[in-house]
Amino acid sequence: MTREEEVAISCSDGFPRRPGYVVDRVGEPALSPQIAHLVRARWVIVFILFIYALYAGIFYTLSRFGFFLTEQQTSFLFLTMCAVVVYNLAYQNGSVLARFRYADHLQVFLDLLLVTVLIHFTGGAVSWVWTLYLVVTMEAVYLLKSPRELFLAWGAGSLLYGSLLACERAA
């Protein structure tokens with residue numbers, strides 16, 4: 001075990017450390033380059049989704065169809081996006097969440113939930129956002145270390161998407 005790994009594992013706050021966690025020269029927490037890259041990529045995706053939502057909202061408001069989401073649906077979608085921003089900030093700044101051993105698993109699960117919510121509000125079975133499941137799966141390849149964890153993340157995404165389609169068909 002290298003010196004960085006020993007320092008990362010034996011920090012004073014008692015939290016078990018995840019494998020990709022590193023400590024810089026002055027003992028402050030720092031994200032590994034791969035994790036930092038994923039955080040930046042998520043900011044780009046959130047920005048693109050924000051621009052798309054703004055464009056779609058304006059387009060539907062001005063069209064003859066009108067804006068079709070209820071106030072509760074719009075609020076839920078907005079709160080979901082706010083949650084992504086909050087947990088991305090928490091992950092980026094090296095907080096306790098970023099140092100927790102299962103932070104990567106939580107991150108993948110929350111991303112899968114976000115993608116499921118976005119698919120529901122962008123048309124369900126006919127939504128083009130389903131491709132974001134592939135982005136989350138690629139993210140899981142970087143974050144999760146064992147093939148079993150990766151398979152479970154892929155299975156969770158498949159179950160969420162299948163459940164969403166089944167619920168929408170039943171409704």
# chains A, B, ... in the order shown; residues from 1 in each chain; ligands from 1

$ residues_around --residues "A:Cys82" --least-positions-apart "6" --cutoff "10 Å" --atoms "only C-alpha atoms" --output "list in words"
Val46, Phe76 and Asn88 of chain A

$ residues_around --residues "A:Val115" --least-positions-apart "5" --cutoff "9 Å" --atoms "only C-alpha atoms" --output "PyMOL selection string"
chain A and resi 110+120+129-130+132-133+136

$ residues_around --residues "stretch 166-168 of chain A" --least-positions-apart "6" --cutoff "12 Å" --atoms "only C-alpha atoms" --output "MDAnalysis selection string"
chainID A and resid 119:121 123:126 159:160

$ residues_around --residues "A:Leu49" --least-positions-apart "6" --cutoff "12 Å" --atoms "only C-alpha atoms" --output "PyMOL selection string"
chain A and resi 42-43+55-57+77-78+81+84+114-115+118-119+122+129+132

$ closest_residue --among "A:Ala170, A:Ala103, A:Leu152, A:Val135" --to "A:Ile35" --atoms "only C-alpha atoms"
A:Ala103

$ atom_distance --atom1 "atom CA of A:Leu79" --atom2 "atom CA of A:Leu106"
17.9 Å

$ residues_around --residues "A:Phe67" --least-positions-apart "4" --cutoff "12 Å" --atoms "only C-alpha atoms" --output "list in words"
Ala53, Leu54, Tyr55, Ala56, Gly57, Ile58, Phe59, Tyr60, Thr61, Leu62, Ser63, Glu71, Gln73 and Thr74 of chain A

$ closest_residue --among "A:Met138, A:Ile51, A:Thr116, A:Leu144" --to "A:Gly162" --atoms "only C-alpha atoms"
A:Thr116

$ atom_distance --atom1 "atom CA of A:Val141" --atom2 "atom CA of A:Leu165"
25.3 Å

$ select_by_dssp --residues "stretch 42-141 of chain A" --states "helix (DSSP H, G or I)" --output "ChimeraX atom specification"
/A:42-62,71-92,96-99,103-121,124-126,128-141

$ closest_residue --among "A:Trp128, A:Phe47, A:Thr70, A:Ala153" --to "A:Asp111" --atoms "only C-alpha atoms"
A:Ala153

$ closest_residue --among "A:Ser163, A:Gln107, A:Ser127, A:Thr80" --to "A:Leu143" --atoms "only C-alpha atoms"
A:Gln107

$ atom_distance --atom1 "atom CA of A:Val39" --atom2 "atom CA of A:Tyr142"
11.6 Å

$ closest_residue --among "A:Ser146, A:Ser158, A:Thr137, A:Ser75" --to "A:Val108" --atoms "only C-alpha atoms"
A:Thr137
